[in-house]
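*Asks:* model_32.tsv (TSV, C-alpha atoms and all ligand atoms) pasted underneath:
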```tsv
chain	number	residue	atom	x	y	z
A	700	MET	CA	1.92	-7.27	-42.12
A	701	GLN	CA	1.48	-3.69	-43.09
A	702	ARG	CA	3.56	-0.69	-42.04
A	703	PRO	CA	1.82	2.63	-41.64
A	704	ASP	CA	2.45	5.01	-44.57
A	705	ALA	CA	5.10	7.72	-44.39
A	706	ARG	CA	2.72	10.01	-42.47
A	707	GLY	CA	1.91	7.31	-39.97
A	708	TYR	CA	-1.51	6.28	-41.28
A	709	PHE	CA	-3.13	2.86	-41.56
A	710	GLY	CA	-5.62	3.72	-44.31
A	711	GLU	CA	-7.31	6.84	-42.97
A	712	PHE	CA	-6.45	6.17	-39.31
A	713	GLY	CA	-3.42	7.18	-37.24
A	714	GLY	CA	-1.28	10.22	-37.87
A	715	ARG	CA	0.33	12.68	-35.51
A	716	PHE	CA	-2.08	15.13	-33.88
A	717	VAL	CA	0.16	16.69	-31.22
A	718	PRO	CA	1.39	20.12	-30.15
A	719	GLU	CA	4.30	21.52	-32.14
A	720	VAL	CA	6.82	20.87	-29.34
A	721	LEU	CA	6.33	17.11	-29.66
A	722	ILE	CA	6.79	16.82	-33.42
A	723	ASP	CA	10.61	16.83	-33.20
A	724	ALA	CA	10.53	14.26	-30.41
A	725	LEU	CA	8.26	11.94	-32.39
A	726	GLU	CA	10.42	12.30	-35.48
A	727	ALA	CA	13.55	11.50	-33.45
A	728	LEU	CA	11.79	8.46	-31.99
A	729	GLU	CA	10.72	7.33	-35.46
A	730	ARG	CA	14.31	7.55	-36.73
A	731	GLU	CA	15.54	5.54	-33.73
A	732	VAL	CA	12.82	2.92	-34.21
A	733	ASP	CA	13.74	2.51	-37.89
A	734	ALA	CA	17.44	2.18	-37.07
A	735	ALA	CA	16.97	-0.22	-34.14
A	736	PHE	CA	14.42	-2.42	-35.92
A	737	ALA	CA	16.86	-2.89	-38.81
A	738	GLU	CA	19.58	-4.19	-36.46
A	739	PRO	CA	19.59	-7.91	-35.61
A	740	ALA	CA	21.58	-7.10	-32.43
A	741	PHE	CA	18.69	-4.98	-31.11
A	742	TRP	CA	16.24	-7.86	-31.50
A	743	ASP	CA	18.75	-10.36	-30.09
A	744	GLU	CA	18.94	-8.39	-26.86
A	745	TYR	CA	15.15	-7.90	-26.74
A	746	HIS	CA	14.58	-11.65	-27.16
A	747	ALA	CA	17.25	-12.51	-24.58
A	748	VAL	CA	15.49	-10.30	-21.99
A	749	LEU	CA	12.12	-11.82	-22.90
A	750	ARG	CA	13.58	-15.30	-22.43
A	751	ASP	CA	15.47	-14.79	-19.17
A	752	PHE	CA	13.51	-12.04	-17.42
A	753	VAL	CA	9.96	-12.45	-18.75
A	754	GLY	CA	10.00	-16.24	-19.19
A	755	ARG	CA	9.18	-16.55	-22.92
A	756	PRO	CA	8.15	-18.35	-24.97
A	757	SER	CA	4.82	-18.51	-23.16
A	758	PRO	CA	3.02	-21.87	-23.44
A	759	LEU	CA	0.18	-22.85	-25.74
A	760	TYR	CA	-2.45	-24.72	-23.76
A	761	ALA	CA	-5.62	-26.63	-24.70
A	762	ALA	CA	-8.44	-25.54	-22.36
A	763	GLU	CA	-10.75	-28.37	-23.39
A	764	ARG	CA	-13.00	-28.43	-20.36
A	765	PHE	CA	-14.13	-24.84	-20.96
A	766	ALA	CA	-14.70	-25.40	-24.70
A	767	PRO	CA	-13.48	-28.39	-26.74
A	768	GLN	CA	-11.83	-26.45	-29.58
A	769	LEU	CA	-10.17	-23.87	-27.33
A	770	ILE	CA	-6.43	-23.24	-27.20
A	771	LEU	CA	-4.87	-20.49	-25.13
A	772	LYS	CA	-1.78	-18.40	-25.58
A	773	ARG	CA	-0.66	-18.09	-21.96
A	774	GLU	CA	0.50	-14.46	-21.60
A	775	ASP	CA	-0.63	-14.78	-17.97
A	776	THR	CA	2.54	-16.79	-17.29
A	777	ASN	CA	4.82	-13.81	-18.09
A	778	HIS	CA	6.74	-12.06	-15.32
A	779	THR	CA	4.34	-9.42	-13.88
A	780	GLY	CA	1.39	-11.49	-15.09
A	781	ALA	CA	0.37	-10.06	-18.46
A	782	HIS	CA	1.45	-9.18	-21.99
A	783	LYS	CA	2.33	-5.56	-21.10
A	784	ILE	CA	5.92	-6.37	-20.15
A	785	ASN	CA	6.77	-7.38	-23.78
A	786	ASN	CA	6.26	-3.76	-24.78
A	787	THR	CA	7.94	-2.05	-21.82
A	788	VAL	CA	11.09	-4.15	-22.30
A	789	GLY	CA	11.28	-2.98	-25.93
A	790	GLN	CA	10.70	0.67	-25.10
A	791	ALA	CA	13.26	0.61	-22.27
A	792	LEU	CA	15.87	-0.72	-24.71
A	793	LEU	CA	15.05	2.14	-27.09
A	794	ALA	CA	15.24	4.70	-24.26
A	795	ARG	CA	18.70	3.43	-23.37
A	796	ARG	CA	19.81	3.60	-27.03
A	797	MET	CA	18.62	7.21	-27.19
A	798	GLY	CA	20.50	8.16	-24.01
A	799	LYS	CA	17.32	9.19	-22.17
A	800	LYS	CA	17.61	9.79	-18.42
A	801	ARG	CA	14.19	8.73	-17.17
A	802	LEU	CA	10.95	7.01	-18.14
A	803	ILE	CA	7.43	8.33	-17.74
A	804	ALA	CA	4.18	6.42	-18.23
A	805	GLU	CA	0.42	6.79	-17.87
A	806	THR	CA	-1.54	4.06	-16.15
A	807	GLY	CA	-5.18	3.23	-15.48
A	808	ALA	CA	-5.49	0.16	-13.30
A	809	GLY	CA	-1.76	0.25	-12.71
A	810	GLN	CA	-0.75	-2.72	-14.87
A	811	HIS	CA	1.23	-0.67	-17.39
A	812	GLY	CA	2.67	1.40	-14.54
A	813	VAL	CA	3.90	-1.78	-12.86
A	814	ALA	CA	5.35	-3.10	-16.13
A	815	THR	CA	7.18	0.22	-16.67
A	816	ALA	CA	8.39	0.39	-13.06
A	817	THR	CA	9.69	-3.16	-13.46
A	818	VAL	CA	11.85	-2.36	-16.50
A	819	GLY	CA	12.90	0.93	-14.88
A	820	ALA	CA	14.32	-1.08	-11.98
A	821	LYS	CA	15.91	-3.65	-14.27
A	822	PHE	CA	17.59	-1.12	-16.60
A	823	GLY	CA	18.34	1.52	-13.95
A	824	PHE	CA	15.96	4.33	-14.99
A	825	PRO	CA	14.06	6.59	-12.59
A	826	VAL	CA	10.34	6.20	-13.40
A	827	ASP	CA	7.46	8.67	-12.96
A	828	VAL	CA	3.97	7.25	-13.40
A	829	TYR	CA	0.87	9.44	-13.92
A	830	MET	CA	-2.35	7.96	-12.60
A	831	GLY	CA	-5.84	9.39	-12.11
A	832	ALA	CA	-6.50	10.25	-8.45
A	833	LEU	CA	-9.58	8.02	-8.42
A	834	ASP	CA	-7.52	5.10	-9.75
A	835	VAL	CA	-4.84	5.77	-7.13
A	836	GLU	CA	-7.54	5.15	-4.52
A	837	ARG	CA	-9.11	2.17	-6.28
A	838	GLN	CA	-5.82	0.43	-7.10
A	839	ALA	CA	-3.88	0.92	-3.88
A	840	PRO	CA	-1.98	-2.41	-4.10
A	841	ASN	CA	-0.56	-1.53	-7.53
A	842	VAL	CA	0.47	1.92	-6.26
A	843	TYR	CA	2.36	0.22	-3.45
A	844	LEU	CA	3.91	-2.22	-5.90
A	845	MET	CA	5.14	0.60	-8.17
A	846	ASN	CA	6.67	2.32	-5.14
A	847	LEU	CA	8.30	-0.94	-4.11
A	848	LEU	CA	9.90	-1.11	-7.57
A	849	GLY	CA	11.31	2.39	-7.07
A	850	ALA	CA	8.83	4.37	-9.20
A	851	LYS	CA	7.12	7.58	-8.18
A	852	VAL	CA	3.34	7.70	-8.69
A	853	HIS	CA	1.75	11.11	-9.36
A	854	ALA	CA	-2.00	11.40	-8.73
A	855	VAL	CA	-3.80	13.42	-11.45
A	856	HIS	CA	-6.74	15.43	-10.10
A	857	SER	CA	-8.21	16.83	-13.34
A	858	GLY	CA	-11.31	15.67	-15.24
A	859	THR	CA	-12.79	12.32	-14.22
A	860	ARG	CA	-9.48	11.55	-12.43
A	861	THR	CA	-8.98	8.36	-14.48
A	862	LEU	CA	-6.87	7.03	-17.36
A	863	LYS	CA	-7.65	9.62	-20.04
A	864	ASP	CA	-6.72	12.42	-17.61
A	865	ALA	CA	-3.52	10.60	-16.64
A	866	THR	CA	-2.64	10.30	-20.35
A	867	ASN	CA	-3.23	14.03	-20.91
A	868	GLU	CA	-0.92	14.78	-17.98
A	869	ALA	CA	1.81	12.42	-19.22
A	870	PHE	CA	1.73	14.17	-22.64
A	871	ARG	CA	1.99	17.55	-20.89
A	872	VAL	CA	4.98	16.47	-18.80
A	873	TRP	CA	6.64	14.92	-21.84
A	874	ALA	CA	6.26	18.17	-23.83
A	875	ALA	CA	7.88	20.12	-20.98
A	876	GLU	CA	10.86	17.78	-20.52
A	877	VAL	CA	11.21	16.07	-23.84
A	878	ASP	CA	15.02	15.98	-24.15
A	879	GLU	CA	15.73	13.81	-21.14
A	880	THR	CA	12.49	11.87	-20.98
A	881	PHE	CA	11.21	8.77	-22.77
A	882	TYR	CA	7.42	8.39	-22.72
A	883	VAL	CA	6.55	4.68	-22.50
A	884	ILE	CA	2.99	4.32	-23.90
A	885	GLY	CA	1.13	1.20	-22.80
A	886	SER	CA	-0.90	0.24	-25.86
A	887	VAL	CA	-1.10	0.60	-29.66
A	888	VAL	CA	-2.41	4.16	-29.29
A	889	GLY	CA	-0.93	7.66	-29.43
A	890	ALA	CA	0.79	9.52	-32.26
A	891	HIS	CA	2.93	7.82	-34.92
A	892	PRO	CA	5.25	5.88	-34.42
A	893	TYR	CA	3.72	4.56	-31.15
A	894	PRO	CA	0.93	2.34	-32.58
A	895	PHE	CA	3.37	0.72	-35.01
A	896	MET	CA	6.22	0.44	-32.49
A	897	VAL	CA	4.07	-1.11	-29.74
A	898	ARG	CA	2.62	-3.61	-32.23
A	899	GLU	CA	6.12	-4.67	-33.23
A	900	PHE	CA	6.98	-5.29	-29.57
A	901	GLN	CA	3.80	-7.33	-29.01
A	902	LYS	CA	4.10	-9.22	-32.30
A	903	VAL	CA	6.15	-11.85	-30.45
A	904	ILE	CA	2.81	-13.23	-29.16
A	905	GLY	CA	1.51	-13.89	-32.67
A	906	ILE	CA	4.80	-15.21	-34.05
A	907	GLU	CA	5.20	-17.69	-31.19
A	908	SER	CA	1.56	-18.84	-31.35
A	909	ARG	CA	1.68	-19.40	-35.10
A	910	ARG	CA	4.80	-21.54	-34.76
A	911	GLN	CA	3.45	-23.43	-31.74
A	912	CYS	CA	0.16	-24.11	-33.49
A	913	LEU	CA	1.86	-25.50	-36.59
A	914	GLU	CA	4.22	-27.62	-34.48
A	915	ARG	CA	1.49	-29.09	-32.32
A	916	TYR	CA	-1.51	-29.35	-34.65
A	917	GLY	CA	0.10	-29.21	-38.09
A	918	ARG	CA	-2.29	-26.42	-39.10
A	919	LEU	CA	-3.25	-22.86	-38.36
A	920	PRO	CA	-6.11	-21.91	-36.03
A	921	SER	CA	-9.50	-21.27	-37.63
A	922	ASP	CA	-10.16	-18.28	-35.33
A	923	VAL	CA	-8.01	-15.95	-33.23
A	924	ILE	CA	-9.68	-14.02	-30.40
A	925	ALA	CA	-8.36	-11.27	-28.13
A	926	CYS	CA	-9.85	-8.64	-25.85
A	927	VAL	CA	-9.38	-5.02	-26.93
A	928	GLY	CA	-8.80	-2.02	-24.68
A	929	GLY	CA	-6.31	0.15	-26.56
A	930	GLY	CA	-5.64	-3.00	-28.54
A	931	SER	CA	-2.05	-4.10	-27.91
A	932	ASN	CA	-2.51	-7.75	-26.94
A	933	ALA	CA	-4.92	-8.13	-29.86
A	934	MET	CA	-2.58	-6.48	-32.39
A	935	GLY	CA	0.24	-8.65	-31.02
A	936	ILE	CA	-1.54	-11.93	-31.65
A	937	PHE	CA	-3.30	-10.76	-34.85
A	938	ALA	CA	0.09	-9.81	-36.33
A	939	GLY	CA	1.03	-13.49	-36.50
A	940	PHE	CA	-2.03	-14.34	-38.64
A	941	VAL	CA	-3.13	-11.24	-40.51
A	942	ASP	CA	-1.43	-12.44	-43.70
A	943	ASP	CA	-3.21	-15.82	-43.50
A	944	PRO	CA	-6.60	-14.91	-45.01
A	945	GLN	CA	-8.24	-18.17	-43.94
A	946	VAL	CA	-7.72	-17.32	-40.23
A	947	ARG	CA	-10.65	-15.29	-38.82
A	948	LEU	CA	-9.63	-12.49	-36.43
A	949	TRP	CA	-11.95	-11.34	-33.62
A	950	GLY	CA	-11.48	-8.38	-31.30
A	951	VAL	CA	-13.66	-8.35	-28.19
A	952	GLU	CA	-14.51	-4.96	-26.73
A	953	ALA	CA	-15.94	-4.28	-23.28
A	954	ALA	CA	-19.64	-3.57	-23.82
A	955	GLY	CA	-20.01	-2.70	-20.12
A	956	GLU	CA	-23.72	-2.65	-19.34
A	957	GLY	CA	-24.53	-2.94	-23.06
A	958	LEU	CA	-23.57	-1.15	-26.30
A	959	GLU	CA	-26.72	1.00	-26.18
A	960	SER	CA	-26.58	1.73	-22.43
A	961	GLY	CA	-24.23	4.70	-22.47
A	962	LYS	CA	-22.20	2.76	-19.87
A	963	THR	CA	-19.75	1.08	-22.19
A	964	ALA	CA	-16.11	1.14	-23.30
A	965	ALA	CA	-16.65	-0.24	-26.83
A	966	ALA	CA	-15.04	2.40	-29.06
A	967	LEU	CA	-15.69	0.52	-32.32
A	968	GLY	CA	-19.08	-0.86	-31.28
A	969	ALA	CA	-20.57	2.38	-29.95
A	970	GLY	CA	-18.17	5.19	-30.97
A	971	SER	CA	-17.37	7.31	-34.02
A	972	VAL	CA	-14.28	8.66	-35.78
A	973	GLY	CA	-12.34	11.43	-34.08
A	974	VAL	CA	-8.96	12.35	-32.61
A	975	LEU	CA	-7.76	11.27	-29.17
A	976	HIS	CA	-4.27	11.26	-27.65
A	977	GLY	CA	-2.50	12.08	-30.89
A	978	SER	CA	-4.16	9.88	-33.50
A	979	ARG	CA	-7.29	9.59	-35.62
A	980	SER	CA	-9.36	6.54	-34.81
A	981	TYR	CA	-12.69	5.58	-33.30
A	982	LEU	CA	-13.59	6.92	-29.88
A	983	LEU	CA	-16.54	7.32	-27.55
A	984	GLN	CA	-17.58	10.96	-27.78
A	985	THR	CA	-20.64	13.10	-27.25
A	986	THR	CA	-22.43	14.72	-30.21
A	987	ASN	CA	-20.42	17.92	-29.65
A	988	GLY	CA	-17.10	16.08	-29.62
A	989	GLN	CA	-16.36	15.81	-25.89
A	990	VAL	CA	-14.72	12.52	-24.88
A	991	SER	CA	-17.38	10.43	-23.12
A	992	ASP	CA	-17.07	8.84	-19.72
A	993	THR	CA	-16.65	5.12	-20.14
A	994	HIS	CA	-17.56	2.09	-18.12
A	995	SER	CA	-16.31	-1.49	-17.89
A	996	ILE	CA	-15.98	-3.91	-14.99
A	997	SER	CA	-12.44	-4.38	-16.22
A	998	ALA	CA	-10.13	-1.42	-15.61
A	999	GLY	CA	-7.75	-2.46	-18.39
A	1000	LEU	CA	-10.51	-2.15	-21.02
A	1001	ASP	CA	-12.01	1.05	-19.62
A	1002	TYR	CA	-10.61	3.48	-22.22
A	1003	PRO	CA	-12.61	5.69	-24.64
A	1004	GLY	CA	-10.31	5.14	-27.62
A	1005	ILE	CA	-8.82	2.29	-29.64
A	1006	GLY	CA	-5.62	1.97	-31.65
A	1007	PRO	CA	-5.81	3.22	-35.27
A	1008	GLU	CA	-4.77	-0.10	-36.80
A	1009	HIS	CA	-7.87	-1.74	-35.31
A	1010	ALA	CA	-10.05	0.94	-36.92
A	1011	PHE	CA	-8.31	0.06	-40.19
A	1012	LEU	CA	-8.80	-3.71	-39.74
A	1013	LYS	CA	-12.48	-3.10	-39.00
A	1014	GLU	CA	-12.98	-0.88	-42.06
A	1015	THR	CA	-11.23	-3.30	-44.38
A	1016	GLY	CA	-13.16	-6.22	-42.89
A	1017	ARG	CA	-9.98	-8.19	-42.11
A	1018	ALA	CA	-10.96	-8.39	-38.42
A	1019	GLN	CA	-14.39	-8.41	-36.79
A	1020	TYR	CA	-15.21	-6.69	-33.51
A	1021	VAL	CA	-17.83	-7.78	-31.00
A	1022	GLY	CA	-18.89	-6.66	-27.52
A	1023	VAL	CA	-19.10	-8.68	-24.29
A	1024	THR	CA	-20.90	-7.26	-21.25
A	1025	ASP	CA	-19.71	-7.07	-17.64
A	1026	ALA	CA	-22.12	-9.86	-16.69
A	1027	GLN	CA	-20.96	-12.19	-19.48
A	1028	ALA	CA	-17.31	-11.54	-18.63
A	1029	LEU	CA	-17.91	-12.27	-14.94
A	1030	GLU	CA	-19.63	-15.55	-15.76
A	1031	ALA	CA	-16.69	-16.61	-17.93
A	1032	PHE	CA	-14.27	-15.53	-15.18
A	1033	PHE	CA	-15.92	-17.86	-12.64
A	1034	ASP	CA	-16.42	-20.78	-15.03
A	1035	PHE	CA	-12.89	-20.60	-16.35
A	1036	ALA	CA	-11.40	-20.70	-12.85
A	1037	ARG	CA	-13.53	-23.70	-11.93
A	1038	PHE	CA	-13.12	-25.68	-15.18
A	1039	GLU	CA	-9.50	-24.97	-15.98
A	1040	GLY	CA	-7.69	-24.11	-12.74
A	1041	ILE	CA	-6.64	-20.77	-14.18
A	1042	VAL	CA	-8.00	-17.46	-12.86
A	1043	PRO	CA	-8.04	-15.17	-15.92
A	1044	ALA	CA	-7.72	-11.38	-15.87
A	1045	LEU	CA	-11.16	-9.76	-16.16
A	1046	GLU	CA	-9.96	-8.28	-19.46
A	1047	SER	CA	-9.12	-11.75	-20.83
A	1048	ALA	CA	-12.45	-13.10	-19.49
A	1049	HIS	CA	-14.16	-10.96	-22.17
A	1050	ALA	CA	-12.29	-12.90	-24.87
A	1051	LEU	CA	-13.12	-16.21	-23.17
A	1052	ALA	CA	-16.84	-15.39	-23.00
A	1053	PHE	CA	-16.96	-14.75	-26.74
A	1054	ALA	CA	-14.81	-17.84	-27.47
A	1055	ARG	CA	-17.31	-20.06	-25.68
A	1056	GLU	CA	-20.18	-18.66	-27.77
A	1057	LEU	CA	-18.20	-19.10	-30.97
A	1058	ALA	CA	-17.27	-22.67	-30.02
A	1059	LYS	CA	-20.96	-23.63	-29.80
A	1060	LYS	CA	-21.37	-22.84	-33.50
A	1061	ALA	CA	-17.94	-24.05	-34.63
A	1062	ARG	CA	-17.02	-27.33	-36.28
A	1063	PRO	CA	-15.45	-29.98	-34.03
A	1064	ASP	CA	-12.13	-29.75	-35.85
A	1065	ASP	CA	-11.90	-25.96	-35.64
A	1066	LEU	CA	-9.08	-24.56	-33.53
A	1067	ILE	CA	-10.05	-21.44	-31.59
A	1068	LEU	CA	-6.99	-19.60	-30.32
A	1069	VAL	CA	-7.56	-17.12	-27.47
A	1070	ASN	CA	-4.97	-14.72	-26.17
A	1071	LEU	CA	-5.11	-15.09	-22.38
A	1072	SER	CA	-3.66	-11.61	-21.91
A	1073	GLY	CA	-3.16	-11.79	-18.16
A	1074	ARG	CA	-3.83	-13.52	-14.86
A	1075	GLY	CA	-6.66	-12.54	-12.56
A	1076	ASP	CA	-5.05	-12.30	-9.12
A	1077	LYS	CA	-5.22	-8.51	-9.43
A	1078	ASP	CA	-9.01	-8.69	-9.89
A	1079	ILE	CA	-10.04	-10.90	-7.00
A	1080	ALA	CA	-10.96	-8.14	-4.53
A	1081	HIS	CA	-12.89	-6.21	-7.21
A	1082	VAL	CA	-14.83	-9.29	-8.37
A	1083	ARG	CA	-15.67	-10.19	-4.81
A	1084	ALA	CA	-16.96	-6.68	-4.09
A	1085	SER	CA	-19.01	-6.60	-7.35
A	1086	VAL	CA	-20.70	-9.89	-6.56
A	1087	GLU	CA	-21.43	-8.98	-2.95
A	1088	ARG	CA	-23.07	-5.75	-4.15
A	1089	GLN	CA	-25.54	-7.64	-6.39
B	1101	LIG	C1	-4.00	-3.65	-20.04
B	1101	LIG	C2	-4.57	-4.98	-20.28
B	1101	LIG	C3	-5.42	-5.24	-21.38
B	1101	LIG	C4	-5.86	-4.17	-22.34
B	1101	LIG	O1	-4.87	-3.55	-23.08
B	1101	LIG	P1	-4.62	-3.85	-24.62
B	1101	LIG	O2	-3.66	-2.80	-25.03
B	1101	LIG	O3	-5.95	-3.72	-25.31
B	1101	LIG	O4	-4.09	-5.22	-24.73
B	1101	LIG	C5	-5.86	-6.53	-21.59
B	1101	LIG	N1	-5.54	-7.53	-20.73
B	1101	LIG	C6	-4.74	-7.32	-19.67
B	1101	LIG	C7	-4.43	-8.46	-18.77
B	1101	LIG	C8	-4.24	-6.04	-19.40
B	1101	LIG	O5	-3.46	-5.85	-18.32
```
Show how you would write the structure in this file as structure tokens.
*Replies:*
Amino acid sequence: MQRPDARGYFGEFGGRFVPEVLIDALEALEREVDAAFAEPAFWDEYHAVLRDFVGRPSPLYAAERFAPQLILKREDTNHTGAHKINNTVGQALLARRMGKKRLIAETGAGQHGVATATVGAKFGFPVDVYMGALDVERQAPNVYLMNLLGAKVHAVHSGTRTLKDATNEAFRVWAAEVDETFYVIGSVVGAHPYPFMVREFQKVIGIESRRQCLERYGRLPSDVIACVGGGSNAMGIFAGFVDDPQVRLWGVEAAGEGLESGKTAAALGAGSVGVLHGSRSYLLQTTNGQVSDTHSISAGLDYPGIGPEHAFLKETGRAQYVGVTDAQALEAFFDFARFEGIVPALESAHALAFARELAKKARPDDLILVNLSGRGDKDIAHVRASVERQ
């Protein structure tokens, strides 16, 4: 598995496009990451927290009624219900090592905010979460949950009042208070070393699944599938298999109402190369370079950018990227609940919808591994309202 080059690039993607004031902070973080990652004791503590607090290893599970060749990596069984906690545990340990006094985070639907608030409570950090004002309204239960965990939620009123505006605000606050503050980013995005660091904290998903697959089936999966918002659950599971060239890797983006509709969140499928939130990658932008408004039924995939390493995997052909629409994801959401007794997150339902299509064309002895990135309890009210509107 590849490291970015010394300037933080995967091929021609990545880098460090930030205001001057943040360069020192990113360099200090990079030094700390290099030192910590070289110490077995750092990883021992990380894995102990994942075992006792998060509940890892997460199970591998054959979902044969949905599709005969399907196996799931059950990140939905983690404490707080998704893969995001793997990353926030790692970043909280780094913040403590660096002597930082508080954590800040951006959040869209609130899932990363909740995961950050959770580790803030566990490790004793005050937490400030920046969230678009529209999302604060739409995701009231998660705002309450963050407050319950002791975090303060700041509504951001600029722009479209959603995730990209919250991210801009978190960068601004970080630049103003960089000495005391650790910025916990929620996906494999942002300036170097974030995309690399977050991948290393999510890699546990791929390492466990590879081992579990070999133990149970005596072979590797033929295909690995994950949904892609910023791309952290996908990079996490891909990392376990990227050096096995016979394993096909598939990233599933949210096509929204269709890749051509203008109401989409598929940065690779419908975007072009540019700079967003500190790194060079693909993003959805207008012809004059303004960041486009995005749409997906799933809040966790509703982001105009994508991590630079995915842009690299697409360009090199090592991974393939496809789009699944709102309607297809909803259908998979309902079917999966009924056939398997598991309500998937709407984000994960995108991966399941594509897996079912792939399974129709696959050989009977193929093994299709899907990262079930989270559970769907958080989505029930939204799904119900979407269906009643139709
Ligand atoms: C946030 C989220 C995602 C999307 O984020 P990635 O960084 O692309 O993984 C996917 N699934 C769930 C359950 C999420 O909460």
*Asks:* Name all residues at most 9 Å from stretch 787-789 of chain A (count all atoms listed in the file; drop same-chain ones fewer than 5 positions away) and give them as an mmCIF file with C-alpha atoms, in the coordinates of the input.
*Replies:*
```cif
data_model
loop_
_atom_site.group_PDB
_atom_site.id
_atom_site.type_symbol
_atom_site.label_atom_id
_atom_site.label_comp_id
_atom_site.auth_asym_id
_atom_site.auth_seq_id
_atom_site.Cartn_x
_atom_site.Cartn_y
_atom_site.Cartn_z
ATOM 1 C CA TRP A 742 16.240 -7.860 -31.500
ATOM 2 C CA TYR A 745 15.150 -7.900 -26.740
ATOM 3 C CA VAL A 748 15.490 -10.300 -21.990
ATOM 4 C CA LEU A 749 12.120 -11.820 -22.900
ATOM 5 C CA ALA A 794 15.240 4.700 -24.260
ATOM 6 C CA HIS A 811 1.230 -0.670 -17.390
ATOM 7 C CA ALA A 814 5.350 -3.100 -16.130
ATOM 8 C CA THR A 815 7.180 0.220 -16.670
ATOM 9 C CA THR A 817 9.690 -3.160 -13.460
ATOM 10 C CA VAL A 818 11.850 -2.360 -16.500
ATOM 11 C CA VAL A 883 6.550 4.680 -22.500
ATOM 12 C CA ILE A 884 2.990 4.320 -23.900
ATOM 13 C CA GLY A 885 1.130 1.200 -22.800
ATOM 14 C CA MET A 896 6.220 0.440 -32.490
ATOM 15 C CA VAL A 897 4.070 -1.110 -29.740
ATOM 16 C CA PHE A 900 6.980 -5.290 -29.570
#
```
*Asks:* One decimal, Å: what's the distance from atom CA of A:Gly809 over to atom CA of A:Lys772, could you say?
*Replies:*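 Here the two named atoms are 22.7 Å from each other.
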*Asks:* From the list A:Ala964, A:Leu1066, A:Val720, A:Val951, which residue is nearest A:Arg871 when using only C-alpha atoms?
*Replies:*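 Using only C-alpha atoms, the shortest distance to A:Arg871 belongs to A:Val720.
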*Asks:* Using only C-alpha atoms and all ligand atoms, which residues of the polymer chains come no farther than 6 Å from ligand LIG 1101 (chain B)? I'd like the answer as an mmCIF file with C-alpha atoms, in the frame of the given file.
*Replies:*
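Listing of result15.cif after writing:
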```
data_model
loop_
_atom_site.group_PDB
_atom_site.id
_atom_site.type_symbol
_atom_site.label_atom_id
_atom_site.label_comp_id
_atom_site.auth_asym_id
_atom_site.auth_seq_id
_atom_site.Cartn_x
_atom_site.Cartn_y
_atom_site.Cartn_z
ATOM 1 C CA ALA A 781 0.370 -10.060 -18.460
ATOM 2 C CA GLN A 810 -0.750 -2.720 -14.870
ATOM 3 C CA SER A 886 -0.900 0.240 -25.860
ATOM 4 C CA VAL A 927 -9.380 -5.020 -26.930
ATOM 5 C CA GLY A 928 -8.800 -2.020 -24.680
ATOM 6 C CA GLY A 929 -6.310 0.150 -26.560
ATOM 7 C CA GLY A 930 -5.640 -3.000 -28.540
ATOM 8 C CA SER A 931 -2.050 -4.100 -27.910
ATOM 9 C CA ASN A 932 -2.510 -7.750 -26.940
ATOM 10 C CA ALA A 933 -4.920 -8.130 -29.860
ATOM 11 C CA GLY A 999 -7.750 -2.460 -18.390
ATOM 12 C CA LEU A 1000 -10.510 -2.150 -21.020
ATOM 13 C CA ALA A 1044 -7.720 -11.380 -15.870
ATOM 14 C CA GLU A 1046 -9.960 -8.280 -19.460
ATOM 15 C CA SER A 1047 -9.120 -11.750 -20.830
ATOM 16 C CA SER A 1072 -3.660 -11.610 -21.910
ATOM 17 C CA GLY A 1073 -3.160 -11.790 -18.160
#
```
*Asks:* Rank A:Arg764, A:Arg979, A:Lys783, A:His994 by their smallest atom-to-atom distance to A:Thr861, using only C-alpha atoms, and report the top residue only.
*Replies:*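 Comparing A:Arg764, A:Arg979, A:Lys783, A:His994 against A:Thr861, the winner is A:His994.
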*Asks:* What's around A:Tyr1002 at 10 Å? Count only C-alpha atoms, leave out sequence neighbours fewer than 4 positions away in its own chain, and write the answer as a VMD selection string.
*Replies:* chain A and resid 807 861 to 863 927 to 929 953 963 to 966 982 to 983 991 to 995 998
*Asks:* What does the structure give for the distance between atom CA of A:Lys1077 and atom CA of A:Glu952, in Å to one decimal?
*Replies:* 20.0 Å
*Asks:* With all atoms listed in the file as the atoms that count, which of A:Tyr981, A:Phe870, A:Tyr829, A:Phe1032 lies nearest to A:Ser997?
*Replies:* A:Phe1032
*Asks:* Using only C-alpha atoms, pick whichever of A:His778, A:Arg915, A:Arg773, A:His856 has the shortest atom-to-atom distance to A:Val1042.
*Replies:* A:Arg773
*Asks:* Work out how far atom CA of A:Thr776 is from atom CA of A:Leu913, in Å to one decimal.
*Replies:* 21.2 Å
*Asks:* Here is a test: counting all atoms listed in the file, which residue of A:Asp834, A:Asp775, A:Asp751, A:Glu1056 is nearest to A:Asp1001?
*Replies:*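 Ranking A:Asp834, A:Asp775, A:Asp751, A:Glu1056 by distance to A:Asp1001, first place goes to A:Asp834.
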*Asks:* As AutoDock Vina command-line options, please: the centre and edge lengths in Å, to one decimal, of an axis-aligned box enclosing every listed atom of stretch 827-831 of chain A with 8 Å added on each side.
*Replies:*
```
--center_x 0.8 --center_y 8.3 --center_z -13.0 --size_x 29.3 --size_y 18.2 --size_z 17.8
```
*Asks:* Just checking: using all atoms listed in the file, which residue out of A:Pro1007, A:Thr806, A:Val877, A:Ile906 ends up closest to A:Arg860?
*Replies:* A:Thr806
*Asks:* Counting all atoms listed in the file, note down every residue that has an atom within 10 Å of the point (13.1, 10.2, -18.2) (file coordinates), as a list in words.
*Replies:*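 Answer for this query, in the requested form: Ala794, Gly798, Lys799, Lys800, Arg801, Leu802, Ile803, Ala804, Gly819, Phe824, Pro825, Val826, Asp827, Trp873, Glu876, Val877, Asp878, Glu879, Thr880, Phe881, Tyr882 and Val883 of chain A.
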